[in-house]
Amino acid sequence: MDGRDGRDGRVRATLLIVSLVISGCSKVLPPKDQVIALEGATLIDGAGGDPKPDAVIIVRNGHIEAVARVNEIPIPRGAERINLVGKTIIPGLIDSHAHVERWAARRYIAWGVTTVRDLHGQTDSIVALKQEMNLGSILGPRMFVAGAMIDGVPTTYPNATGVATADQARHAVDLHAVAGVDYLKVYTKITPALLRPLLDEAGKLRLPVAAHLGKTDAVTAARAGVVSIEHMAGVVQAATGDPMYASAHNDFLTGWTAEEKGWAGLDSSSVARTARALAQTKVVVVPTLVVHDMLSRLDNPILLTRPGMEDVPENAESVRSVPSLLRRTGWRPSDFDAFRRSRRRQDQFVREFRRAGGAIAAGSDAANQLLIPGYSLHEEMSFLVGAGLTPLEAITAATRRGAQLLRADSLGLLAPGKVADLVVLNGNPARNISATRNIAMVIIRGRVIRPDSLRATWK
Ligand SMILES: [Zn+2]
């Protein structure tokens with residue numbers, strides 16, 4: 001101890017002289033280290049490792065410097081020490097399927113979501129929002145973006161990029177690359193004939209492609225090289241081989257309705273066979289069970305007042321416009337009955353895909369109807385556990401798997417050298433997954449944030 005103190009003293013004296021010399025020359029002082037010691041919590045690493053009790057995490061300048069058991073390593077002098085006995089620390093959550101709106105930025109942080117994978121927005125404005133968040137000019141999660149999704153023609157949404165030929169598909173990929181997107185998203189009207197040149201061009205530019213397809217079944221898309229299947233789209237087509245689904249997707253809602261009902265008619269063995277075929281391709285599935293569940297209960301007005309909705313502004317049309325969606329879909333009670341019967345098969349698919357070694361990432365699809373930015377990712381974790389994942393697997397789906405999908409190795413894992421985005425929970429989610437919703441503290445970019453104080457800024 002003494003010897004080290006002596007050495008520290010000499011180092012400090014040297015540093016003082018160096019800094020005096022520097023300040024004498026230029027008046028610029030070196031930045032001060034910010035060190036935080038998180039002591040005594042149970043640590044869940046995000047990669048499926050066993051929870052480690054009595055952990056200490058040293059955070060220096062926004063990165064994890066050390067992870068150990070209490071008393072195994074010295075606490076650096078000058079560290080801000082935070083006693084977390086009785087609490088659990090998990091990595092900052094990653095929402096792998098988001099549509100980020102400006103008002104939602106701080107909501108994500110309050111719910112412990114420190115990274116979002118945005119999967120469609122007007123390209124220029126979504127790239128601008130990403131830059132504002134990533135540079136820290138507005139408080140929000142780290143953001144990765146697809147820009148506008150690429151669809152067939154006519155496009156389902158007016159702000160999508162429509163392509164009708166192989167050349168147009170390649171050109172759309174190039175335009176997105178120039179605009180600065182991180183990956184691409186392809187949508188329901190993209191056929192196998194358009195998907196192939198699109199993937200070829202994206203491969204040259206090293207842009208991963210996320211797929212919510214309707215005219216291309218999930219196994220065909222995965223074998224062609226998409227990195228993710230969103231909403232389990234195209235699984236029913238792959239399981240049945242029925243061309244009816246492809247033609248239903250001439251119209252988005254007709255296609256979604258047919259596919260959503262189609263799950264109920266699948267038998268158990270074809271679900272298992274399709275899950276195994278997909279797992280072999282190494283594609284990541286982002287099931288968004290919370291979307292399927294919410295849409296199967298869209299006729300239940302209670303969902304508009306469930307916990308979490310208090311964080312959604314009254315004028316947030318995207319989340320609250322349930323009556324207009326009901327009118328647009330024309331769904332009747334028999335449709336909702338079918339959707340609810342389908343949920344069992346969707347859960348079975350998730351279970352079989354996992355059993356076959358497939359990678360599952362958690363995504364919410366917020367801020368679409370009834371889906372609450374931040375909160376709905378916790379609902380998704382609960383649905384994944386309902387489908388048969390363990391709580392630790394659900395947490396991995398919402399942390400490390402999301403980072404892997406983003407090819408962002410420094411995220412989603414509590415280990416030395418990684419970014420110190422993390423969430424402190426009051427309870428232990430390894431026992432009960434709903435404990436992820438009870439958040440004491442969030443750390444992002446070296447900032448310690450209490451959800452209650454953050455909520456006070458918009459209430
Ligand atoms: Zn979406």
# chains A, B, ... in the order shown; residues from 1 in each chain; ligands from 1

call {"tool": "residues_near_ligand", "arguments": {"ligand": "ligand 1", "cutoff": "8 Å", "atoms": "only C-alpha atoms and all ligand atoms", "output": "PDB file with N, CA and C atoms, in the first residue's frame"}}
result
ATOM      1  N   HIS A  97     -35.979  -3.275 -33.077  1.00  0.00           N
ATOM      2  CA  HIS A  97     -36.938  -2.877 -34.126  1.00  0.00           C
ATOM      3  C   HIS A  97     -37.685  -1.648 -33.638  1.00  0.00           C
ATOM      4  N   ALA A  98     -37.217  -0.483 -34.069  1.00  0.00           N
ATOM      5  CA  ALA A  98     -37.811   0.765 -33.584  1.00  0.00           C
ATOM      6  C   ALA A  98     -38.110   1.703 -34.733  1.00  0.00           C
ATOM      7  N   HIS A  99     -39.051   2.592 -34.502  1.00  0.00           N
ATOM      8  CA  HIS A  99     -39.311   3.723 -35.394  1.00  0.00           C
ATOM      9  C   HIS A  99     -39.288   4.950 -34.496  1.00  0.00           C
ATOM     10  N   LEU A 119     -35.821   1.176 -38.070  1.00  0.00           N
ATOM     11  CA  LEU A 119     -36.047   0.387 -39.282  1.00  0.00           C
ATOM     12  C   LEU A 119     -36.977   1.045 -40.291  1.00  0.00           C
ATOM     13  N   HIS A 120     -37.096   2.328 -40.283  1.00  0.00           N
ATOM     14  CA  HIS A 120     -37.758   3.074 -41.356  1.00  0.00           C
ATOM     15  C   HIS A 120     -38.132   4.461 -40.877  1.00  0.00           C
ATOM     16  N   GLU A 230     -37.797  -9.786 -39.732  1.00  0.00           N
ATOM     17  CA  GLU A 230     -38.559  -8.963 -38.792  1.00  0.00           C
ATOM     18  C   GLU A 230     -39.998  -9.486 -38.694  1.00  0.00           C
ATOM     19  N   ASP A 365     -41.113  -2.440 -32.272  1.00  0.00           N
ATOM     20  CA  ASP A 365     -41.879  -1.747 -33.320  1.00  0.00           C
ATOM     21  C   ASP A 365     -42.517  -0.443 -32.828  1.00  0.00           C
ATOM     22  N   ALA A 366     -42.194   0.007 -31.605  1.00  0.00           N
ATOM     23  CA  ALA A 366     -42.678   1.330 -31.175  1.00  0.00           C
ATOM     24  C   ALA A 366     -42.029   2.374 -32.068  1.00  0.00           C
ATOM     25  N   ASN A 368     -45.281   2.464 -33.219  1.00  0.00           N
ATOM     26  CA  ASN A 368     -46.506   2.142 -33.945  1.00  0.00           C
ATOM     27  C   ASN A 368     -47.642   1.920 -32.945  1.00  0.00           C
TER      28      ASN A 368
END

call {"tool": "select_by_dssp", "arguments": {"residues": "region 71-261 of chain A", "states": "alpha helix (DSSP H)", "output": "PyMOL selection string"}}
result
chain A and resi 105-110+123-134+166-179+192-204+218-224+235-240+244-248+252-261

call {"tool": "write_last_selection", "arguments": {"atoms": "C-alpha atoms", "output": "compact mmCIF listing (two decimals), in the first residue's frame"}}
result
# COMPACT_ATOMS: atom_id res chain seq x y z
CA ALA A 105 -35.83 10.10 -27.19
CA ARG A 106 -35.84 10.66 -23.42
CA ARG A 107 -38.55 8.00 -22.89
CA TYR A 108 -36.18 5.34 -24.19
CA ILE A 109 -33.56 6.41 -21.64
CA ALA A 110 -36.08 6.43 -18.78
CA THR A 123 -33.98 9.17 -44.72
CA ASP A 124 -32.69 12.74 -44.27
CA SER A 125 -34.61 13.49 -41.08
CA ILE A 126 -33.82 10.12 -39.47
CA VAL A 127 -30.09 10.47 -40.26
CA ALA A 128 -30.21 13.99 -38.76
CA LEU A 129 -31.92 12.68 -35.60
CA LYS A 130 -29.29 9.94 -35.31
CA GLN A 131 -26.50 12.52 -35.49
CA GLU A 132 -28.11 14.74 -32.85
CA MET A 133 -28.49 11.80 -30.47
CA ASN A 134 -25.09 10.27 -31.13
CA ALA A 166 -32.97 -4.87 -60.81
CA ASP A 167 -31.19 -1.64 -61.85
CA GLN A 168 -33.50 0.45 -59.68
CA ALA A 169 -32.88 -1.91 -56.76
CA ARG A 170 -29.09 -1.42 -57.07
CA HIS A 171 -29.51 2.33 -57.48
CA ALA A 172 -31.68 2.55 -54.33
CA VAL A 173 -28.97 0.73 -52.35
CA ASP A 174 -26.31 3.18 -53.60
CA LEU A 175 -28.45 6.23 -52.73
CA HIS A 176 -29.00 4.92 -49.19
CA ALA A 177 -25.27 4.28 -48.77
CA VAL A 178 -24.46 7.85 -49.80
CA ALA A 179 -27.08 9.18 -47.37
CA PRO A 192 -37.05 -12.69 -55.01
CA ALA A 193 -36.09 -11.25 -58.43
CA LEU A 194 -35.60 -7.78 -56.87
CA LEU A 195 -34.07 -9.08 -53.66
CA ARG A 196 -31.12 -10.81 -55.39
CA PRO A 197 -29.57 -7.72 -57.12
CA LEU A 198 -30.38 -5.63 -54.05
CA LEU A 199 -28.46 -8.03 -51.77
CA ASP A 200 -25.62 -8.21 -54.27
CA GLU A 201 -25.21 -4.42 -54.32
CA ALA A 202 -25.63 -4.18 -50.53
CA GLY A 203 -22.94 -6.85 -50.13
CA LYS A 204 -20.46 -4.79 -52.18
CA ALA A 218 -38.63 -16.24 -44.94
CA VAL A 219 -36.49 -19.26 -45.88
CA THR A 220 -35.88 -17.97 -49.43
CA ALA A 221 -34.95 -14.53 -48.01
CA ALA A 222 -32.63 -15.97 -45.37
CA ARG A 223 -30.86 -18.26 -47.85
CA ALA A 224 -30.44 -15.26 -50.19
CA VAL A 235 -42.62 -17.92 -42.01
CA VAL A 236 -46.21 -18.94 -42.80
CA GLN A 237 -45.46 -18.83 -46.55
CA ALA A 238 -42.33 -20.93 -46.03
CA ALA A 239 -44.23 -23.46 -43.90
CA THR A 240 -47.19 -23.86 -46.29
CA MET A 244 -51.82 -17.23 -52.07
CA TYR A 245 -49.73 -15.34 -49.48
CA ALA A 246 -47.45 -13.74 -52.08
CA SER A 247 -50.42 -12.42 -54.06
CA ALA A 248 -52.19 -11.23 -50.88
CA PHE A 252 -50.10 -4.53 -47.28
CA LEU A 253 -53.11 -4.99 -45.01
CA THR A 254 -54.55 -7.91 -47.00
CA GLY A 255 -51.14 -9.59 -46.80
CA TRP A 256 -50.67 -8.92 -43.09
CA THR A 257 -54.21 -10.15 -42.31
CA ALA A 258 -53.81 -13.35 -44.35
CA GLU A 259 -50.44 -14.14 -42.81
CA GLU A 260 -51.54 -13.34 -39.28
CA LYS A 261 -54.53 -15.67 -39.62

call {"tool": "atom_distance", "arguments": {"atom1": "CA of Gly147 (chain A)", "atom2": "CA of Val286 (chain A)"}}
result
18.5 Å

call {"tool": "atom_distance", "arguments": {"atom1": "CA of Leu289 (chain A)", "atom2": "CA of Ala277 (chain A)"}}
result
20.4 Å

call {"tool": "closest_atom_pairs", "arguments": {"of": "region 264-381 of chain A", "to": "region 451-455 of chain A", "cutoff": "12 Å", "atoms": "only C-alpha atoms", "output": "JSON lines"}}
result
{"residue": "A:Gly308", "atom": "CA", "partner": "A:Arg455", "partner_atom": "CA", "distance": 11.9}
{"residue": "A:Glu310", "atom": "CA", "partner": "A:Arg455", "partner_atom": "CA", "distance": 10.4}
{"residue": "A:Asp311", "atom": "CA", "partner": "A:Arg455", "partner_atom": "CA", "distance": 8.1}
{"residue": "A:Val312", "atom": "CA", "partner": "A:Arg455", "partner_atom": "CA", "distance": 11.3}
{"residue": "A:Gly374", "atom": "CA", "partner": "A:Pro451", "partner_atom": "CA", "distance": 11.8}

call {"tool": "write_last_selection", "arguments": {"atoms": "C-alpha atoms", "output": "compact mmCIF listing (two decimals), in the first residue's frame"}}
result
# COMPACT_ATOMS: atom_id res chain seq x y z
CA GLY A 308 -46.52 2.80 -19.51
CA GLU A 310 -48.69 7.69 -19.09
CA ASP A 311 -45.31 8.35 -20.74
CA VAL A 312 -46.96 8.83 -24.16
CA GLY A 374 -38.96 2.01 -24.19

call {"tool": "residues_around", "arguments": {"residues": "region 428-432 of chain A", "least_positions_apart": "3", "cutoff": "12 Å", "atoms": "only C-alpha atoms", "output": "ChimeraX atom specification"}}
result
/A:41-46,48-53,85-90,378,381-382,385-386,389-396,423-425,435-439

call {"tool": "write_last_selection", "arguments": {"atoms": "N, CA and C atoms", "output": "compact mmCIF listing (two decimals), in the first residue's frame"}}
result
# COMPACT_ATOMS: atom_id res chain seq x y z
N ALA A 41 -23.84 -4.94 -6.45
CA ALA A 41 -25.02 -5.48 -7.16
C ALA A 41 -24.74 -6.88 -7.70
N THR A 42 -25.81 -7.56 -8.11
CA THR A 42 -25.68 -8.79 -8.89
C THR A 42 -25.55 -8.38 -10.34
N LEU A 43 -24.58 -8.98 -11.05
CA LEU A 43 -24.31 -8.58 -12.43
C LEU A 43 -24.83 -9.64 -13.41
N ILE A 44 -25.62 -9.19 -14.38
CA ILE A 44 -26.04 -10.06 -15.50
C ILE A 44 -25.35 -9.51 -16.74
N ASP A 45 -24.48 -10.32 -17.37
CA ASP A 45 -23.55 -9.74 -18.36
C ASP A 45 -24.16 -9.44 -19.72
N GLY A 46 -25.34 -10.02 -20.03
CA GLY A 46 -25.97 -9.77 -21.33
C GLY A 46 -25.65 -10.82 -22.38
N GLY A 48 -25.55 -14.16 -21.48
CA GLY A 48 -26.05 -15.45 -21.00
C GLY A 48 -25.23 -16.07 -19.89
N GLY A 49 -24.18 -15.38 -19.41
CA GLY A 49 -23.39 -15.90 -18.29
C GLY A 49 -24.21 -15.95 -17.01
N ASP A 50 -23.80 -16.81 -16.08
CA ASP A 50 -24.50 -16.90 -14.79
C ASP A 50 -24.44 -15.54 -14.09
N PRO A 51 -25.54 -15.13 -13.42
CA PRO A 51 -25.49 -13.88 -12.64
C PRO A 51 -24.38 -13.95 -11.60
N LYS A 52 -23.63 -12.84 -11.45
CA LYS A 52 -22.53 -12.79 -10.49
C LYS A 52 -22.91 -11.89 -9.33
N PRO A 53 -23.06 -12.47 -8.13
CA PRO A 53 -23.41 -11.64 -6.98
C PRO A 53 -22.23 -10.80 -6.50
N VAL A 85 -26.00 -2.59 -3.26
CA VAL A 85 -26.32 -3.87 -2.61
C VAL A 85 -27.82 -4.14 -2.75
N GLY A 86 -28.17 -5.35 -3.17
CA GLY A 86 -29.58 -5.73 -3.32
C GLY A 86 -30.12 -5.45 -4.71
N LYS A 87 -29.33 -4.79 -5.55
CA LYS A 87 -29.81 -4.45 -6.89
C LYS A 87 -29.14 -5.35 -7.94
N THR A 88 -29.62 -5.24 -9.18
CA THR A 88 -29.07 -6.03 -10.29
C THR A 88 -28.68 -5.08 -11.41
N ILE A 89 -27.53 -5.34 -12.03
CA ILE A 89 -27.10 -4.52 -13.17
C ILE A 89 -27.15 -5.36 -14.44
N ILE A 90 -27.80 -4.81 -15.47
CA ILE A 90 -27.81 -5.44 -16.79
C ILE A 90 -27.26 -4.43 -17.80
N HIS A 378 -39.75 -4.00 -22.77
CA HIS A 378 -39.92 -4.84 -21.57
C HIS A 378 -41.07 -5.82 -21.78
N MET A 381 -39.76 -8.64 -23.84
CA MET A 381 -38.98 -9.62 -23.06
C MET A 381 -39.92 -10.57 -22.32
N SER A 382 -41.01 -10.03 -21.77
CA SER A 382 -41.97 -10.89 -21.07
C SER A 382 -42.63 -11.88 -22.03
N VAL A 385 -40.29 -14.71 -22.77
CA VAL A 385 -40.29 -15.69 -21.68
C VAL A 385 -41.58 -16.52 -21.75
N GLY A 386 -42.69 -15.87 -22.08
CA GLY A 386 -43.96 -16.59 -22.25
C GLY A 386 -43.86 -17.64 -23.35
N LEU A 389 -38.47 -18.84 -23.68
CA LEU A 389 -37.09 -18.47 -23.38
C LEU A 389 -36.93 -18.33 -21.85
N THR A 390 -35.72 -18.54 -21.34
CA THR A 390 -35.48 -18.25 -19.93
C THR A 390 -35.35 -16.73 -19.79
N PRO A 391 -35.54 -16.20 -18.57
CA PRO A 391 -35.35 -14.75 -18.40
C PRO A 391 -33.97 -14.28 -18.87
N LEU A 392 -32.92 -15.08 -18.60
CA LEU A 392 -31.58 -14.66 -19.05
C LEU A 392 -31.49 -14.63 -20.57
N GLU A 393 -32.14 -15.59 -21.24
CA GLU A 393 -32.15 -15.58 -22.71
C GLU A 393 -32.90 -14.37 -23.25
N ALA A 394 -33.98 -14.00 -22.56
CA ALA A 394 -34.74 -12.81 -23.01
C ALA A 394 -33.89 -11.55 -22.84
N ILE A 395 -33.12 -11.48 -21.76
CA ILE A 395 -32.24 -10.31 -21.55
C ILE A 395 -31.14 -10.30 -22.62
N THR A 396 -30.57 -11.46 -22.92
CA THR A 396 -29.57 -11.53 -24.00
C THR A 396 -30.17 -11.06 -25.33
N VAL A 423 -28.02 -0.57 -16.93
CA VAL A 423 -29.27 -0.29 -16.22
C VAL A 423 -29.20 -0.97 -14.86
N VAL A 424 -29.52 -0.21 -13.81
CA VAL A 424 -29.56 -0.75 -12.45
C VAL A 424 -31.02 -1.01 -12.09
N LEU A 425 -31.31 -2.27 -11.75
CA LEU A 425 -32.69 -2.67 -11.43
C LEU A 425 -32.85 -2.85 -9.93
N ALA A 435 -39.13 -7.76 -13.55
CA ALA A 435 -38.26 -6.89 -12.74
C ALA A 435 -37.44 -5.94 -13.60
N THR A 436 -37.34 -6.20 -14.92
CA THR A 436 -36.58 -5.25 -15.77
C THR A 436 -37.27 -3.89 -15.83
N ARG A 437 -38.56 -3.85 -15.47
CA ARG A 437 -39.31 -2.57 -15.58
C ARG A 437 -39.09 -1.68 -14.38
N ASN A 438 -38.53 -2.24 -13.32
CA ASN A 438 -38.35 -1.48 -12.06
C ASN A 438 -36.92 -0.94 -12.01
N ILE A 439 -36.74 0.23 -12.60
CA ILE A 439 -35.39 0.77 -12.87
C ILE A 439 -34.99 1.83 -11.85

call {"tool": "closest_residue", "arguments": {"among": "A:Trp331, A:Phe339, A:Trp111, A:Phe383", "to": "Ala362 (chain A)", "atoms": "only C-alpha atoms"}}
result
A:Phe383

call {"tool": "residues_around", "arguments": {"residues": "His63 (chain A)", "least_positions_apart": "2", "cutoff": "12 Å", "atoms": "only C-alpha atoms", "output": "ChimeraX atom specification"}}
result
/A:33-37,57-61,65-67,410-411,413-422,443-447

call {"tool": "write_last_selection", "arguments": {"atoms": "N, CA and C atoms", "output": "CSV table (one decimal), in the first residue's frame"}}
result
chain,number,residue,atom,x,y,z
A,33,ASP,N,-10.4,12.7,-15.5
A,33,ASP,CA,-11.0,11.4,-15.5
A,33,ASP,C,-12.3,11.4,-14.7
A,34,GLN,N,-13.4,10.8,-15.3
A,34,GLN,CA,-14.6,10.6,-14.5
A,34,GLN,C,-14.6,9.1,-14.2
A,35,VAL,N,-14.5,8.8,-12.9
A,35,VAL,CA,-14.5,7.4,-12.5
A,35,VAL,C,-15.7,7.1,-11.6
A,36,ILE,N,-16.5,6.0,-11.9
A,36,ILE,CA,-17.6,5.6,-11.1
A,36,ILE,C,-17.4,4.2,-10.7
A,37,ALA,N,-17.6,3.9,-9.4
A,37,ALA,CA,-17.5,2.5,-8.9
A,37,ALA,C,-18.9,2.1,-8.5
A,57,ILE,N,-18.2,-2.8,-10.5
A,57,ILE,CA,-17.9,-2.4,-11.9
A,57,ILE,C,-17.2,-1.0,-11.8
A,58,ILE,N,-16.0,-0.9,-12.4
A,58,ILE,CA,-15.4,0.4,-12.5
A,58,ILE,C,-15.6,1.0,-13.9
A,59,VAL,N,-16.2,2.2,-13.9
A,59,VAL,CA,-16.5,2.9,-15.1
A,59,VAL,C,-15.6,4.1,-15.2
A,60,ARG,N,-14.8,4.1,-16.3
A,60,ARG,CA,-13.9,5.3,-16.4
A,60,ARG,C,-14.2,6.0,-17.8
A,61,ASN,N,-14.6,7.2,-17.7
A,61,ASN,CA,-14.9,8.0,-18.9
A,61,ASN,C,-15.8,7.3,-19.9
A,65,GLU,N,-13.9,-0.3,-17.1
A,65,GLU,CA,-12.5,-0.5,-17.0
A,65,GLU,C,-12.3,-1.9,-16.3
A,66,ALA,N,-13.1,-2.2,-15.4
A,66,ALA,CA,-12.9,-3.5,-14.7
A,66,ALA,C,-14.2,-4.0,-14.2
A,67,VAL,N,-14.3,-5.4,-14.1
A,67,VAL,CA,-15.5,-6.1,-13.5
A,67,VAL,C,-14.9,-7.1,-12.5
A,410,SER,N,-18.9,-3.2,-29.1
A,410,SER,CA,-18.7,-2.6,-27.8
A,410,SER,C,-20.0,-2.4,-27.0
A,411,LEU,N,-21.1,-2.8,-27.6
A,411,LEU,CA,-22.4,-2.6,-26.9
A,411,LEU,C,-23.0,-4.0,-26.4
A,413,LEU,N,-22.9,-5.7,-23.6
A,413,LEU,CA,-22.1,-6.7,-22.8
A,413,LEU,C,-21.4,-6.0,-21.7
A,414,LEU,N,-21.6,-6.5,-20.5
A,414,LEU,CA,-20.9,-5.9,-19.3
A,414,LEU,C,-19.5,-6.6,-19.1
A,415,ALA,N,-18.5,-6.1,-19.7
A,415,ALA,CA,-17.2,-6.7,-19.6
A,415,ALA,C,-16.2,-5.6,-19.9
A,416,PRO,N,-14.9,-5.7,-19.4
A,416,PRO,CA,-13.9,-4.7,-19.5
A,416,PRO,C,-13.7,-4.3,-21.0
A,417,GLY,N,-13.6,-3.0,-21.2
A,417,GLY,CA,-13.4,-2.5,-22.6
A,417,GLY,C,-14.6,-2.1,-23.3
A,418,LYS,N,-15.8,-2.6,-22.8
A,418,LYS,CA,-17.0,-2.3,-23.5
A,418,LYS,C,-17.6,-0.9,-23.0
A,419,VAL,N,-18.5,-0.4,-23.8
A,419,VAL,CA,-19.1,0.9,-23.5
A,419,VAL,C,-20.0,0.7,-22.2
A,420,ALA,N,-19.9,1.7,-21.3
A,420,ALA,CA,-20.6,1.5,-20.0
A,420,ALA,C,-22.0,2.0,-20.1
A,421,ASP,N,-22.8,1.5,-21.0
A,421,ASP,CA,-24.3,1.7,-21.0
A,421,ASP,C,-24.9,0.6,-20.2
A,422,LEU,N,-25.5,1.0,-19.1
A,422,LEU,CA,-26.1,0.0,-18.2
A,422,LEU,C,-27.3,0.4,-17.4
A,443,ILE,N,-27.2,4.4,-16.8
A,443,ILE,CA,-25.9,5.1,-17.2
A,443,ILE,C,-25.8,5.0,-18.7
A,444,ILE,N,-25.6,6.1,-19.3
A,444,ILE,CA,-25.3,6.2,-20.8
A,444,ILE,C,-24.3,7.3,-21.0
A,445,ARG,N,-23.3,7.1,-21.8
A,445,ARG,CA,-22.2,8.1,-22.1
A,445,ARG,C,-21.6,8.7,-20.9
A,446,GLY,N,-21.5,7.8,-19.8
A,446,GLY,CA,-20.9,8.3,-18.6
A,446,GLY,C,-21.8,9.1,-17.7
A,447,ARG,N,-23.1,9.3,-18.2
A,447,ARG,CA,-24.0,10.1,-17.4
A,447,ARG,C,-24.9,9.2,-16.5

call {"tool": "residues_around", "arguments": {"residues": "Val186 (chain A)", "least_positions_apart": "2", "cutoff": "7 Å", "atoms": "only C-alpha atoms", "output": "list in words"}}
result
Met149, Ile150, Asp151, Leu184, Ile190, Ala210, Ala211, His212 and Leu213 of chain A

call {"tool": "write_last_selection", "arguments": {"atoms": "N, CA and C atoms", "output": "tab-separated table (two decimals), in the first residue's frame"}}
result
chain	number	residue	atom	x	y	z
A	149	MET	N	-37.35	2.60	-45.95
A	149	MET	CA	-37.32	1.21	-46.39
A	149	MET	C	-37.47	1.13	-47.91
A	150	ILE	N	-36.97	0.04	-48.46
A	150	ILE	CA	-37.02	-0.17	-49.91
A	150	ILE	C	-38.13	-1.18	-50.19
A	151	ASP	N	-39.08	-0.78	-51.04
A	151	ASP	CA	-40.29	-1.56	-51.28
A	151	ASP	C	-40.47	-1.72	-52.79
A	184	LEU	N	-29.88	-1.64	-44.44
A	184	LEU	CA	-31.09	-1.40	-45.25
A	184	LEU	C	-32.24	-2.21	-44.70
A	190	ILE	N	-41.15	-6.55	-52.13
A	190	ILE	CA	-39.90	-6.94	-52.79
A	190	ILE	C	-39.97	-8.45	-53.13
A	210	ALA	N	-32.08	-5.90	-43.50
A	210	ALA	CA	-33.15	-6.41	-42.63
A	210	ALA	C	-34.40	-6.61	-43.48
A	211	ALA	N	-35.14	-7.68	-43.21
A	211	ALA	CA	-36.26	-8.02	-44.09
A	211	ALA	C	-37.59	-8.13	-43.36
A	212	HIS	N	-38.56	-7.32	-43.81
A	212	HIS	CA	-39.97	-7.57	-43.51
A	212	HIS	C	-40.62	-7.77	-44.88
A	213	LEU	N	-40.61	-9.03	-45.32
A	213	LEU	CA	-41.04	-9.32	-46.68
A	213	LEU	C	-42.41	-9.99	-46.71

call {"tool": "select_by_dssp", "arguments": {"residues": "region 388-446 of chain A", "states": "strand (DSSP E)", "output": "list in words"}}
result
Leu422, Val423, Val424, Leu425, Ile439, Ala440, Met441, Val442, Ile443 and Ile444 of chain A

call {"tool": "closest_residue", "arguments": {"among": "A:Ala148, A:Leu84, A:Val56, A:Ala233", "to": "Gly427 (chain A)", "atoms": "only C-alpha atoms"}}
result
A:Leu84

call {"tool": "closest_residue", "arguments": {"among": "A:Asp118, A:Glu380, A:Ser364, A:Pro301", "to": "Ser434 (chain A)", "atoms": "only C-alpha atoms"}}
result
A:Glu380
